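Asks: What follows is run.tsv, made up of TSV, C-alpha atoms:
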chain	number	residue	atom	x	y	z
A	18	MET	CA	-82.40	32.94	5.28
A	19	SER	CA	-84.65	32.16	2.34
A	20	GLU	CA	-81.70	32.93	0.06
A	21	TRP	CA	-79.67	30.39	2.05
A	22	VAL	CA	-82.31	27.71	1.60
A	23	ARG	CA	-82.62	28.45	-2.11
A	24	VAL	CA	-78.88	28.05	-2.69
A	25	PHE	CA	-78.83	24.88	-0.59
A	26	ARG	CA	-81.70	23.34	-2.53
A	27	GLN	CA	-80.10	24.15	-5.85
A	28	GLY	CA	-77.32	21.71	-5.08
A	29	LEU	CA	-79.75	19.02	-4.10
A	30	SER	CA	-82.00	18.99	-7.09
A	31	ILE	CA	-81.72	21.20	-10.11
A	32	GLU	CA	-78.02	21.91	-10.38
A	33	ASN	CA	-76.91	18.54	-9.05
A	34	PRO	CA	-73.21	18.22	-9.90
A	35	LEU	CA	-73.35	14.61	-10.98
A	36	THR	CA	-76.47	13.89	-12.92
A	37	VAL	CA	-76.89	17.23	-14.61
A	38	LEU	CA	-73.46	18.81	-14.85
A	39	MET	CA	-71.65	15.46	-15.23
A	40	ILE	CA	-68.58	16.51	-13.31
A	41	GLY	CA	-66.70	14.52	-10.74
A	42	LEU	CA	-67.68	11.19	-12.21
A	43	CYS	CA	-64.60	9.10	-11.69
A	44	ALA	CA	-64.79	8.59	-7.95
A	45	THR	CA	-68.52	8.02	-8.07
A	46	LEU	CA	-68.34	5.02	-10.30
A	47	ALA	CA	-65.28	3.54	-8.64
A	48	VAL	CA	-66.26	3.57	-4.98
A	49	SER	CA	-69.93	2.72	-5.43
A	50	THR	CA	-69.51	-1.02	-4.99
A	51	GLN	CA	-70.41	-0.85	-1.31
A	52	PHE	CA	-72.95	1.26	0.52
A	53	GLN	CA	-70.61	1.83	3.45
A	54	ASN	CA	-67.66	3.05	1.37
A	55	ALA	CA	-69.88	5.32	-0.68
A	56	LEU	CA	-71.23	6.90	2.49
A	57	PHE	CA	-67.74	7.68	3.76
A	58	MET	CA	-66.69	8.99	0.37
A	59	GLY	CA	-69.74	11.25	0.34
A	60	LEU	CA	-68.96	12.55	3.83
A	61	ALA	CA	-65.36	13.26	2.82
A	62	VAL	CA	-66.52	15.19	-0.24
A	63	ILE	CA	-69.07	17.20	1.80
A	64	PHE	CA	-66.40	18.14	4.33
A	65	VAL	CA	-63.82	19.17	1.74
A	66	MET	CA	-66.33	21.05	-0.38
A	67	MET	CA	-67.81	22.96	2.54
A	68	MET	CA	-64.52	23.88	4.20
A	69	SER	CA	-62.82	24.93	0.98
A	70	ASN	CA	-65.86	27.02	0.07
A	71	VAL	CA	-65.72	28.73	3.48
A	72	LEU	CA	-62.01	29.49	3.26
A	73	VAL	CA	-62.11	30.67	-0.34
A	74	SER	CA	-65.06	32.96	0.23
A	75	ALA	CA	-63.62	34.34	3.48
A	76	PHE	CA	-60.43	35.34	1.70
A	77	ARG	CA	-62.01	36.21	-1.65
A	78	ASN	CA	-61.01	39.87	-1.39
A	79	PHE	CA	-57.36	39.01	-0.78
A	80	ILE	CA	-56.90	36.43	-3.51
A	81	PRO	CA	-55.63	38.04	-6.72
A	82	SER	CA	-57.54	36.63	-9.65
A	83	GLN	CA	-54.39	35.80	-11.66
A	84	VAL	CA	-53.24	33.16	-9.18
A	85	ARG	CA	-56.64	32.06	-7.88
A	86	ILE	CA	-56.59	28.55	-9.35
A	87	PRO	CA	-53.30	27.48	-7.67
A	88	ILE	CA	-54.53	28.98	-4.40
A	89	PHE	CA	-57.83	27.08	-4.61
A	90	ILE	CA	-55.92	23.89	-5.32
A	91	VAL	CA	-53.68	24.34	-2.28
A	92	VAL	CA	-56.68	25.07	-0.05
A	93	ILE	CA	-58.50	21.98	-1.29
A	94	ALA	CA	-55.36	19.86	-1.01
A	95	SER	CA	-54.93	20.84	2.64
A	96	PHE	CA	-58.46	19.78	3.54
A	97	VAL	CA	-58.04	16.55	1.60
A	98	THR	CA	-54.89	15.85	3.61
A	99	ILE	CA	-56.92	16.25	6.81
A	100	VAL	CA	-59.51	13.78	5.55
A	101	ASP	CA	-56.76	11.41	4.41
A	102	LEU	CA	-55.07	11.32	7.83
A	103	VAL	CA	-58.31	11.17	9.84
A	104	MET	CA	-59.70	8.29	7.81
A	105	LYS	CA	-56.42	6.41	7.95
A	106	ALA	CA	-56.44	6.74	11.75
A	107	TYR	CA	-60.10	6.01	12.60
A	108	VAL	CA	-61.56	3.85	9.82
A	109	PRO	CA	-58.58	1.95	8.39
A	110	SER	CA	-60.83	-0.73	6.88
A	111	VAL	CA	-62.64	1.85	4.76
A	112	TYR	CA	-59.41	3.67	3.97
A	113	SER	CA	-57.80	0.54	2.59
A	114	VAL	CA	-60.67	0.11	0.13
A	115	LEU	CA	-60.94	3.75	-0.90
A	116	GLY	CA	-57.14	4.01	-1.23
A	117	ILE	CA	-56.11	6.27	-4.09
A	118	TRP	CA	-59.57	7.88	-4.24
A	119	ILE	CA	-59.00	9.96	-1.13
A	120	PRO	CA	-56.03	11.92	-2.56
A	121	LEU	CA	-57.93	12.12	-5.82
A	122	ILE	CA	-60.64	14.26	-4.19
A	123	VAL	CA	-58.20	17.12	-4.91
A	124	VAL	CA	-58.77	16.86	-8.62
A	125	ASN	CA	-62.50	16.28	-8.31
A	126	CYS	CA	-63.68	18.89	-10.77
A	127	ALA	CA	-66.87	19.47	-8.78
A	128	ILE	CA	-65.02	20.96	-5.81
A	129	LEU	CA	-62.72	23.25	-7.77
A	130	GLY	CA	-65.71	24.21	-9.86
A	131	ARG	CA	-67.71	25.33	-6.81
A	132	ALA	CA	-64.78	27.32	-5.41
A	133	GLU	CA	-64.38	29.08	-8.73
A	134	ALA	CA	-68.00	29.52	-9.74
A	135	PHE	CA	-69.62	30.22	-6.40
A	136	ALA	CA	-67.41	30.77	-3.35
A	137	TYR	CA	-65.10	33.25	-5.06
A	138	GLN	CA	-68.04	35.59	-5.66
A	139	ASN	CA	-70.31	35.10	-2.66
A	140	LYS	CA	-70.47	35.68	1.08
A	141	VAL	CA	-69.36	33.05	3.59
A	142	GLY	CA	-72.88	32.11	4.70
A	143	LEU	CA	-74.10	31.44	1.19
A	144	SER	CA	-70.92	29.55	0.35
A	145	ILE	CA	-71.56	27.18	3.26
A	146	ALA	CA	-75.06	26.58	1.88
A	147	ASP	CA	-73.67	25.93	-1.57
A	148	GLY	CA	-70.93	23.58	-0.35
A	149	LEU	CA	-73.37	21.69	1.86
A	150	GLY	CA	-76.04	21.47	-0.83
A	151	MET	CA	-73.71	20.40	-3.61
A	152	GLY	CA	-71.95	17.96	-1.29
A	153	MET	CA	-75.27	16.44	-0.20
A	154	GLY	CA	-76.39	16.20	-3.81
A	155	TYR	CA	-73.16	14.40	-4.62
A	156	MET	CA	-73.57	12.07	-1.66
A	157	MET	CA	-77.18	11.31	-2.55
A	158	VAL	CA	-76.25	10.13	-6.02
A	159	ILE	CA	-73.20	8.14	-4.94
A	160	VAL	CA	-75.03	6.46	-2.03
A	161	LEU	CA	-78.05	5.64	-4.17
A	162	LEU	CA	-75.81	4.14	-6.86
A	163	ALA	CA	-73.94	2.09	-4.27
A	164	PHE	CA	-77.20	1.01	-2.64
A	165	ILE	CA	-78.58	-0.31	-5.92
A	166	ARG	CA	-75.34	-2.02	-6.85
A	167	GLU	CA	-74.77	-3.65	-3.49
A	168	LEU	CA	-78.37	-4.69	-2.86
A	169	LEU	CA	-78.92	-6.19	-6.31
A	170	GLY	CA	-75.34	-7.34	-6.83
A	171	THR	CA	-74.84	-9.22	-3.55
A	172	GLY	CA	-78.41	-9.50	-2.28
A	173	LYS	CA	-77.71	-7.63	0.95
A	174	ILE	CA	-76.45	-4.38	2.46
A	175	VAL	CA	-73.53	-4.72	4.86
A	176	TRP	CA	-72.49	-2.10	7.40
A	177	PHE	CA	-69.24	-2.91	9.21
A	178	GLU	CA	-69.80	-6.66	9.02
A	179	SER	CA	-73.44	-6.61	10.16
A	180	THR	CA	-76.18	-7.12	7.62
A	181	LEU	CA	-78.67	-4.27	7.54
A	182	LEU	CA	-81.00	-5.45	4.85
A	183	SER	CA	-81.22	-8.51	2.70
A	184	LEU	CA	-83.29	-9.75	-0.19
A	185	PRO	CA	-85.34	-12.94	0.30
A	186	ALA	CA	-83.50	-16.25	0.03
A	187	GLY	CA	-83.51	-17.72	-3.44
A	188	TYR	CA	-82.49	-14.46	-5.06
A	189	ALA	CA	-79.54	-15.17	-7.34
A	190	PRO	CA	-77.49	-11.95	-7.46
A	191	PRO	CA	-76.05	-11.01	-10.84
A	192	SER	CA	-72.44	-10.26	-9.97
A	193	LEU	CA	-72.14	-8.22	-13.16
A	194	LEU	CA	-73.49	-5.28	-11.19
A	195	LEU	CA	-70.51	-5.38	-8.85
A	196	LEU	CA	-68.01	-5.52	-11.70
A	197	PHE	CA	-66.91	-2.51	-13.71
A	198	PRO	CA	-69.62	-2.63	-16.39
A	199	GLY	CA	-72.32	-2.61	-13.72
A	200	ALA	CA	-71.33	0.87	-12.61
A	201	PHE	CA	-71.64	2.25	-16.12
A	202	LEU	CA	-74.97	0.55	-16.78
A	203	VAL	CA	-76.64	1.49	-13.50
A	204	PHE	CA	-75.38	5.06	-13.76
A	205	ALA	CA	-76.69	5.38	-17.31
A	206	PHE	CA	-80.16	4.46	-16.10
A	207	MET	CA	-79.85	6.87	-13.19
A	208	ILE	CA	-79.14	9.73	-15.60
A	209	VAL	CA	-82.14	8.73	-17.64
A	210	GLY	CA	-84.23	8.79	-14.46
A	211	ALA	CA	-82.90	12.21	-13.44
A	212	ARG	CA	-83.57	13.58	-16.92
A	213	TRP	CA	-87.07	12.22	-16.89
A	214	ILE	CA	-87.81	13.81	-13.52
A	215	ASN	CA	-86.31	17.16	-14.56
A	216	GLU	CA	-88.32	17.07	-17.73
A	217	ARG	CA	-91.54	16.41	-15.84
A	218	PHE	CA	-90.79	19.32	-13.49
A	219	GLU	CA	-90.12	21.69	-16.32
A	220	ALA	CA	-93.16	20.58	-18.23
A	221	ARG	CA	-95.30	21.30	-15.20
A	222	LYS	CA	-93.73	24.74	-14.75
A	223	GLU	CA	-93.78	26.04	-18.30
A	224	GLY	CA	-96.35	23.93	-20.06
A	225	PRO	CA	-95.20	21.46	-22.73
A	226	ALA	CA	-91.48	21.99	-23.25
A	227	CYS	CA	-89.13	20.41	-25.73
A	228	ARG	CA	-85.69	19.50	-24.50
A	229	VAL	CA	-82.77	18.25	-26.50
B	18	MET	CA	-37.33	-7.13	-9.93
B	19	SER	CA	-35.42	-6.09	-12.95
B	20	SER	CA	-35.65	-8.75	-15.61
B	21	VAL	CA	-37.17	-7.95	-18.96
B	22	SER	CA	-40.11	-10.30	-18.54
B	23	GLN	CA	-41.16	-8.63	-15.32
B	24	MET	CA	-40.94	-5.22	-16.93
B	25	ALA	CA	-43.15	-6.51	-19.73
B	26	LEU	CA	-45.58	-7.85	-17.13
B	27	LEU	CA	-45.71	-4.48	-15.43
B	28	PHE	CA	-46.43	-2.80	-18.75
B	29	VAL	CA	-49.18	-5.21	-19.81
B	30	GLY	CA	-50.66	-5.21	-16.34
B	31	ALA	CA	-50.88	-1.43	-16.32
B	32	ALA	CA	-52.08	-1.03	-19.90
B	33	LEU	CA	-54.59	-3.84	-20.38
B	34	ILE	CA	-55.37	-5.88	-17.30
B	35	ASN	CA	-55.80	-2.89	-15.03
B	36	ASN	CA	-56.81	-0.42	-17.70
B	37	ILE	CA	-57.05	2.91	-15.98
B	38	LEU	CA	-60.23	4.07	-17.71
B	39	LEU	CA	-62.37	1.01	-18.10
B	40	THR	CA	-61.49	-1.08	-15.08
B	41	ARG	CA	-60.52	1.53	-12.54
B	42	PHE	CA	-62.62	4.54	-13.59
B	43	VAL	CA	-59.73	6.96	-13.09
B	44	GLY	CA	-59.85	9.92	-15.47
B	45	LEU	CA	-63.37	9.53	-16.79
B	46	CYS	CA	-63.92	13.26	-17.41
B	47	PRO	CA	-61.84	13.40	-20.62
B	48	PHE	CA	-63.15	9.95	-21.51
B	49	PHE	CA	-66.63	11.37	-21.93
B	50	GLY	CA	-65.56	14.95	-22.66
B	51	VAL	CA	-63.23	14.65	-25.62
B	52	SER	CA	-64.32	11.37	-27.16
B	53	ASN	CA	-66.75	13.05	-29.54
B	54	ASN	CA	-64.35	13.01	-32.42
B	55	MET	CA	-61.33	11.01	-33.38
B	56	GLU	CA	-58.93	13.90	-33.90
B	57	THR	CA	-59.28	15.37	-30.43
B	58	ALA	CA	-59.14	11.89	-28.91
B	59	VAL	CA	-55.79	11.23	-30.57
B	60	GLY	CA	-54.43	14.64	-29.51
B	61	MET	CA	-55.58	14.08	-25.96
B	62	SER	CA	-54.03	10.61	-25.79
B	63	LEU	CA	-50.66	11.86	-27.01
B	64	SER	CA	-50.67	14.71	-24.50
B	65	VAL	CA	-51.57	12.34	-21.68
B	66	VAL	CA	-48.67	10.01	-22.50
B	67	PHE	CA	-46.32	12.98	-22.60
B	68	VAL	CA	-47.52	14.66	-19.40
B	69	MET	CA	-47.92	11.48	-17.36
B	70	VAL	CA	-44.37	10.30	-17.99
B	71	MET	CA	-42.95	13.66	-16.98
B	72	ALA	CA	-45.23	14.03	-13.97
B	73	SER	CA	-44.35	10.59	-12.64
B	74	THR	CA	-40.64	11.24	-13.03
B	75	ALA	CA	-40.95	14.54	-11.18
B	76	THR	CA	-43.06	13.19	-8.33
B	77	TRP	CA	-40.89	10.08	-7.97
B	78	LEU	CA	-37.78	12.22	-7.63
B	79	THR	CA	-39.51	14.56	-5.17
B	80	TRP	CA	-40.72	11.68	-3.00
B	81	GLU	CA	-37.36	9.90	-3.05
B	82	PHE	CA	-35.07	12.88	-2.43
B	83	ILE	CA	-37.17	15.49	-0.63
B	84	LEU	CA	-40.37	14.27	1.00
B	85	ASP	CA	-39.31	10.85	2.27
B	86	PRO	CA	-35.87	11.80	3.70
B	87	LEU	CA	-37.41	14.77	5.52
B	88	GLY	CA	-40.18	12.58	6.95
B	89	VAL	CA	-42.98	14.86	5.78
B	90	GLY	CA	-44.26	12.70	2.94
B	91	GLU	CA	-47.32	11.48	4.81
B	92	PHE	CA	-48.63	15.02	5.37
B	93	LEU	CA	-47.45	16.87	2.32
B	94	TYR	CA	-47.71	14.45	-0.55
B	95	ILE	CA	-51.12	15.62	-1.79
B	96	PRO	CA	-50.37	19.38	-2.05
B	97	ALA	CA	-46.81	18.74	-3.19
B	98	PHE	CA	-47.75	16.39	-6.01
B	99	ILE	CA	-50.63	18.44	-7.35
B	100	LEU	CA	-48.53	21.62	-7.35
B	101	ILE	CA	-45.62	19.88	-9.05
B	102	ILE	CA	-47.93	18.59	-11.76
B	103	ALA	CA	-49.65	21.94	-12.25
B	104	SER	CA	-46.45	23.94	-12.52
B	105	LEU	CA	-44.76	21.33	-14.68
B	106	VAL	CA	-47.62	21.42	-17.16
B	107	GLN	CA	-47.48	25.21	-17.21
B	108	PHE	CA	-43.75	25.23	-17.97
B	109	VAL	CA	-44.08	22.59	-20.63
B	110	GLU	CA	-46.81	24.62	-22.28
B	111	MET	CA	-44.66	27.75	-22.33
B	112	TYR	CA	-41.65	25.83	-23.60
B	113	LEU	CA	-43.61	24.11	-26.36
B	114	ARG	CA	-45.15	27.35	-27.53
B	115	LYS	CA	-41.68	28.81	-27.92
B	116	ALA	CA	-39.70	25.82	-29.14
B	117	SER	CA	-41.97	23.58	-31.13
B	118	PRO	CA	-45.05	25.10	-32.74
B	119	VAL	CA	-45.93	21.79	-34.39
B	120	LEU	CA	-46.15	19.94	-31.10
B	121	TYR	CA	-47.89	22.89	-29.52
B	122	ARG	CA	-50.56	22.84	-32.16
B	123	ALA	CA	-51.11	19.12	-31.63
B	124	MET	CA	-51.45	19.18	-27.85
B	125	GLY	CA	-51.51	22.80	-26.75
B	126	ILE	CA	-55.19	23.06	-25.91
B	127	PHE	CA	-55.17	19.82	-23.94
B	128	LEU	CA	-52.31	20.68	-21.60
B	129	PRO	CA	-54.22	22.97	-19.20
B	130	LEU	CA	-57.06	20.45	-19.09
B	131	ILE	CA	-54.70	17.68	-18.10
B	132	THR	CA	-53.54	19.49	-14.96
B	133	THR	CA	-56.69	18.56	-13.11
B	134	ASN	CA	-57.04	15.17	-14.71
B	135	CYS	CA	-57.30	12.54	-12.00
B	136	ALA	CA	-55.44	10.01	-14.11
B	137	VAL	CA	-52.22	12.01	-14.01
B	138	LEU	CA	-52.32	12.57	-10.26
B	139	ALA	CA	-53.31	8.96	-9.62
B	140	THR	CA	-50.49	7.53	-11.68
B	141	ALA	CA	-47.94	9.94	-10.30
B	142	THR	CA	-48.98	9.12	-6.73
B	143	GLU	CA	-49.04	5.40	-7.31
B	144	SER	CA	-45.62	5.32	-8.86
B	145	ALA	CA	-44.04	7.63	-6.29
B	146	LYS	CA	-45.69	6.79	-2.96
B	147	PRO	CA	-45.71	3.08	-2.17
B	148	GLY	CA	-48.76	1.20	-0.95
B	149	PHE	CA	-51.61	2.57	-3.04
B	150	PHE	CA	-52.25	0.03	-5.71
B	151	LYS	CA	-52.55	-3.71	-5.25
B	152	MET	CA	-50.83	-4.52	-8.52
B	153	ASN	CA	-47.72	-2.59	-7.57
B	154	ILE	CA	-47.72	-4.08	-4.09
B	155	ALA	CA	-47.84	-7.55	-5.61
B	156	LEU	CA	-44.83	-6.79	-7.76
B	157	GLY	CA	-42.68	-5.28	-5.05
B	158	ALA	CA	-42.98	-2.93	-2.11
B	159	SER	CA	-42.00	0.21	-3.98
B	160	LEU	CA	-41.09	0.91	-7.56
B	161	SER	CA	-37.65	1.98	-8.75
B	162	LEU	CA	-37.46	4.90	-11.15
B	163	GLY	CA	-37.22	2.58	-14.16
B	164	GLU	CA	-40.21	0.55	-13.01
B	165	ALA	CA	-42.17	3.70	-12.30
B	166	LEU	CA	-41.53	4.87	-15.85
B	167	ILE	CA	-42.59	1.56	-17.37
B	168	TYR	CA	-45.70	1.53	-15.20
B	169	THR	CA	-46.59	5.09	-16.20
B	170	LEU	CA	-45.99	4.35	-19.85
B	171	GLY	CA	-48.27	1.32	-19.59
B	172	VAL	CA	-51.01	3.29	-17.88
B	173	SER	CA	-50.91	6.13	-20.39
B	174	VAL	CA	-50.84	3.82	-23.40
B	175	GLY	CA	-53.82	1.98	-21.95
B	176	PHE	CA	-55.57	5.32	-21.48
B	177	GLY	CA	-54.97	6.29	-25.09
B	178	PHE	CA	-56.03	2.90	-26.38
B	179	ALA	CA	-59.33	2.97	-24.51
B	180	LEU	CA	-60.02	6.60	-25.42
B	181	ILE	CA	-59.42	6.08	-29.13
B	182	THR	CA	-61.51	2.89	-29.22
B	183	PHE	CA	-64.34	4.64	-27.45
B	184	SER	CA	-64.27	7.68	-29.71
B	185	ALA	CA	-64.47	5.41	-32.75
B	186	LEU	CA	-67.56	3.81	-31.22
B	187	ARG	CA	-69.10	7.15	-30.41
B	188	GLU	CA	-68.71	8.44	-33.94
B	189	ARG	CA	-70.84	5.55	-35.12
B	190	LEU	CA	-73.26	6.05	-32.26
B	191	ASP	CA	-74.12	9.55	-33.44
B	192	LEU	CA	-75.72	8.05	-36.53
B	193	ALA	CA	-77.70	5.41	-34.68
B	194	PRO	CA	-81.37	5.90	-33.82
B	195	VAL	CA	-81.53	6.25	-30.04
B	196	SER	CA	-84.59	7.06	-27.96
B	197	ARG	CA	-84.92	10.66	-26.82
B	198	LEU	CA	-84.16	10.25	-23.11
B	199	MET	CA	-81.22	7.96	-23.81
B	200	LYS	CA	-79.57	10.20	-26.38
B	201	GLY	CA	-76.16	11.67	-25.57
B	202	THR	CA	-74.58	10.77	-22.26
B	203	PRO	CA	-76.69	7.80	-21.11
B	204	ILE	CA	-76.11	5.79	-24.27
B	205	ALA	CA	-72.43	6.69	-24.09
B	206	PHE	CA	-72.34	5.21	-20.59
B	207	ILE	CA	-74.01	2.02	-21.74
B	208	THR	CA	-71.49	1.74	-24.58
B	209	ALA	CA	-68.68	2.25	-22.11
B	210	GLY	CA	-70.18	-0.46	-19.93
B	211	LEU	CA	-70.18	-2.93	-22.79
B	212	LEU	CA	-66.62	-1.94	-23.72
B	213	SER	CA	-65.46	-2.47	-20.16
B	214	LEU	CA	-67.10	-5.90	-20.19
B	215	ALA	CA	-64.34	-6.89	-22.59
B	216	TYR	CA	-61.73	-5.89	-20.02
B	217	VAL	CA	-63.41	-7.94	-17.29
B	218	GLY	CA	-62.36	-11.01	-19.22
B	219	MET	CA	-58.74	-10.04	-18.73
B	220	SER	CA	-58.89	-9.44	-15.01
B	221	GLY	CA	-56.81	-11.86	-13.03
B	222	TRP	CA	-54.36	-12.73	-15.82
B	223	PHE	CA	-50.89	-13.45	-14.43
B	224	GLY	CA	-52.33	-12.81	-10.98
B	225	LEU	CA	-52.41	-9.06	-11.53
I'd like the structure from this file rewritten - as structure tokens, please.
Replies:
Amino acid sequence: MSEWVRVFRQGLSIENPLTVLMIGLCATLAVSTQFQNALFMGLAVIFVMMMSNVLVSAFRNFIPSQVRIPIFIVVIASFVTIVDLVMKAYVPSVYSVLGIWIPLIVVNCAILGRAEAFAYQNKVGLSIADGLGMGMGYMMVIVLLAFIRELLGTGKIVWFESTLLSLPAGYAPPSLLLLFPGAFLVFAFMIVGARWINERFEARKEGPACRV
Amino acid sequence: MSSVSQMALLFVGAALINNILLTRFVGLCPFFGVSNNMETAVGMSLSVVFVMVMASTATWLTWEFILDPLGVGEFLYIPAFILIIASLVQFVEMYLRKASPVLYRAMGIFLPLITTNCAVLATATESAKPGFFKMNIALGASLSLGEALIYTLGVSVGFGFALITFSALRERLDLAPVSRLMKGTPIAFITAGLLSLAYVGMSGWFGL
């Protein structure tokens, strides 16, 4: 159990796929204009990552290592198809905004990376923890990015046409944050923040450390 | 839609106005991964043009003659397209190694990387399966093979253009004094943000 928790927490903080490993960036920047879309994108990624991890690790003894990559891709593609059809049926308004990004979850390097690096070598239980942790880590970053961009860019957070939260009247939102450059700029500062926090943690653990 | 001016519009719209890297964020991994030096950026851009055009042709033909007539396109397009692209790239790599060592040396190492590049899958899907991209919807419900090729060519040229520009900027950036926390990726992101600001000015041209 403690092993399970350790693997789960690794995804959340230290080995976070986005801010530290820098993989799976494309979708993050593109769909983070709205809190609501980012949340659905995060859920889709968690589902695909967890299910593909489970399937890959359950069949890890039957998958010959020469053809493992195509097999992983087919497994991931099947789960992405499920997400694609479910979202199209139940939340068409979100689906129409996410559009091409749903099929593109297939080539999200983070998911294939977890199947290859973790699920192919570990038991099913641990693979669930890894998929869940990494997926939650991914969702945290994408939702936080979308939250900052939507709150500061439009002055309010909207959830299915009802306003959840709004800044005081008189705030003039800089629409730059909603445009393409905004994503790059906000994300750059988020990496700086993540680096700073990691550095502080390491400094506390090992005394003064020097990182490149 | 077949006149020359509309073809030109499709090309410009795909390459500049809706630049795949800087205004749509598709394919950012190689954008930050291989932009460290000019030579690899040029090699990568050439390989992307080459692979994208072939992948779009293959997926367009598959959609038109196999998936759509059988009525399974809606369920099978994701696995089908990604497998077609992966195997196509593999075959091309084997063929190039045998037939043209010069070309192989120029793009050999990039070909396996490109298989899981979102830009290739995105472009192939958009040109084959109708209804994914607002620009293509505005120009006509679905693209013919010729239009799909022009669109793909535009997208890949835009990709190469942005990648090469960015790698030129990054080579200069290595020499600049940057604060410790900002060094490396964060400053690259800020540079990319400023570069994409230039593309914002083009959005909305010709209603694309």
Asks: I want to know what sits within 12 Å of B:Thr40, based on only C-alpha atoms, with residues of the same chain fewer than 5 positions away left out; could you give that as an NGL selection string?
Replies: (:A and (43 or 46-47 or 195-201)) or (:B and (30-35 or 45 or 172 or 175-176 or 179 or 209-221))
Asks: Do me a favour and pick out the residues of chain B within 8 Å of chain A, using only C-alpha atoms, as number ranges by chain.
Replies: B: 39-46, 92-93, 95-96, 99-100, 133-135, 138-139, 143, 149-150, 197-199, 202-204, 206-207, 209-214, 217
Asks: Given only C-alpha atoms as the basis, pick out the residue of A:Ala163, A:Val73, A:Val103, A:Met156 nearest to A:Val175.
Replies: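 Checking each of A:Ala163, A:Val73, A:Val103, A:Met156 against A:Val175, counting only C-alpha atoms, the winner is A:Ala163.
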Asks: If we count all atoms listed in the file, what is near A:Val65 at a cut-off of 8 Å, once residues fewer than 2 positions away on the same chain are taken out, given as a PDB file with C-alpha atoms, in the coordinates of the input?
Replies:
ATOM      1  CA  ALA A  61     -65.360  13.260   2.820  1.00  0.00           C
ATOM      2  CA  VAL A  62     -66.520  15.190  -0.240  1.00  0.00           C
ATOM      3  CA  ILE A  63     -69.070  17.200   1.800  1.00  0.00           C
ATOM      4  CA  MET A  67     -67.810  22.960   2.540  1.00  0.00           C
ATOM      5  CA  MET A  68     -64.520  23.880   4.200  1.00  0.00           C
ATOM      6  CA  SER A  69     -62.820  24.930   0.980  1.00  0.00           C
ATOM      7  CA  ILE A  93     -58.500  21.980  -1.290  1.00  0.00           C
ATOM      8  CA  PHE A  96     -58.460  19.780   3.540  1.00  0.00           C
ATOM      9  CA  VAL A  97     -58.040  16.550   1.600  1.00  0.00           C
ATOM     10  CA  VAL A 100     -59.510  13.780   5.550  1.00  0.00           C
ATOM     11  CA  ILE A 128     -65.020  20.960  -5.810  1.00  0.00           C
TER      12      ILE A 128
END
Asks: Do you have the atom CA of B:Thr57-atom CA of A:Val84 distance handy?
Replies: 28.4 Å
Asks: Using all atoms listed in the file - which residues lie no farther than 12 Å from the point (-50.8, 14.6, -14.6) in the file's frame? Write them as a CSV table (one decimal) with C-alpha atoms, in the frame of the given file.
Replies:
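Below is the file that was written, out_10.csv:
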chain,number,residue,atom,x,y,z
A,121,LEU,CA,-57.9,12.1,-5.8
A,124,VAL,CA,-58.8,16.9,-8.6
B,43,VAL,CA,-59.7,7.0,-13.1
B,44,GLY,CA,-59.8,9.9,-15.5
B,64,SER,CA,-50.7,14.7,-24.5
B,65,VAL,CA,-51.6,12.3,-21.7
B,66,VAL,CA,-48.7,10.0,-22.5
B,67,PHE,CA,-46.3,13.0,-22.6
B,68,VAL,CA,-47.5,14.7,-19.4
B,69,MET,CA,-47.9,11.5,-17.4
B,70,VAL,CA,-44.4,10.3,-18.0
B,71,MET,CA,-43.0,13.7,-17.0
B,72,ALA,CA,-45.2,14.0,-14.0
B,73,SER,CA,-44.4,10.6,-12.6
B,74,THR,CA,-40.6,11.2,-13.0
B,75,ALA,CA,-41.0,14.5,-11.2
B,76,THR,CA,-43.1,13.2,-8.3
B,98,PHE,CA,-47.8,16.4,-6.0
B,99,ILE,CA,-50.6,18.4,-7.4
B,100,LEU,CA,-48.5,21.6,-7.4
B,101,ILE,CA,-45.6,19.9,-9.0
B,102,ILE,CA,-47.9,18.6,-11.8
B,103,ALA,CA,-49.6,21.9,-12.2
B,104,SER,CA,-46.4,23.9,-12.5
B,105,LEU,CA,-44.8,21.3,-14.7
B,106,VAL,CA,-47.6,21.4,-17.2
B,107,GLN,CA,-47.5,25.2,-17.2
B,127,PHE,CA,-55.2,19.8,-23.9
B,128,LEU,CA,-52.3,20.7,-21.6
B,129,PRO,CA,-54.2,23.0,-19.2
B,130,LEU,CA,-57.1,20.4,-19.1
B,131,ILE,CA,-54.7,17.7,-18.1
B,132,THR,CA,-53.5,19.5,-15.0
B,133,THR,CA,-56.7,18.6,-13.1
B,134,ASN,CA,-57.0,15.2,-14.7
B,135,CYS,CA,-57.3,12.5,-12.0
B,136,ALA,CA,-55.4,10.0,-14.1
B,137,VAL,CA,-52.2,12.0,-14.0
B,138,LEU,CA,-52.3,12.6,-10.3
B,139,ALA,CA,-53.3,9.0,-9.6
B,140,THR,CA,-50.5,7.5,-11.7
B,141,ALA,CA,-47.9,9.9,-10.3
B,142,THR,CA,-49.0,9.1,-6.7
B,143,GLU,CA,-49.0,5.4,-7.3
B,169,THR,CA,-46.6,5.1,-16.2
B,172,VAL,CA,-51.0,3.3,-17.9
B,173,SER,CA,-50.9,6.1,-20.4
Asks: Find the residues around A:Ser192 up to 9 Å (only C-alpha atoms counted), leave out those fewer than 6 positions away in its own chain, and share them as a list in words.
Replies: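 The neighbour list is Leu169, Gly170, Thr171 and Gly199 of chain A.
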Asks: Which residue gives the smallest distance to A:Phe25 among A:Ala220, A:Leu161, A:Leu143, A:Leu181, with all atoms listed in the file counted?
Replies: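 Answer, going by the shortest atom-to-atom distance: A:Leu143.
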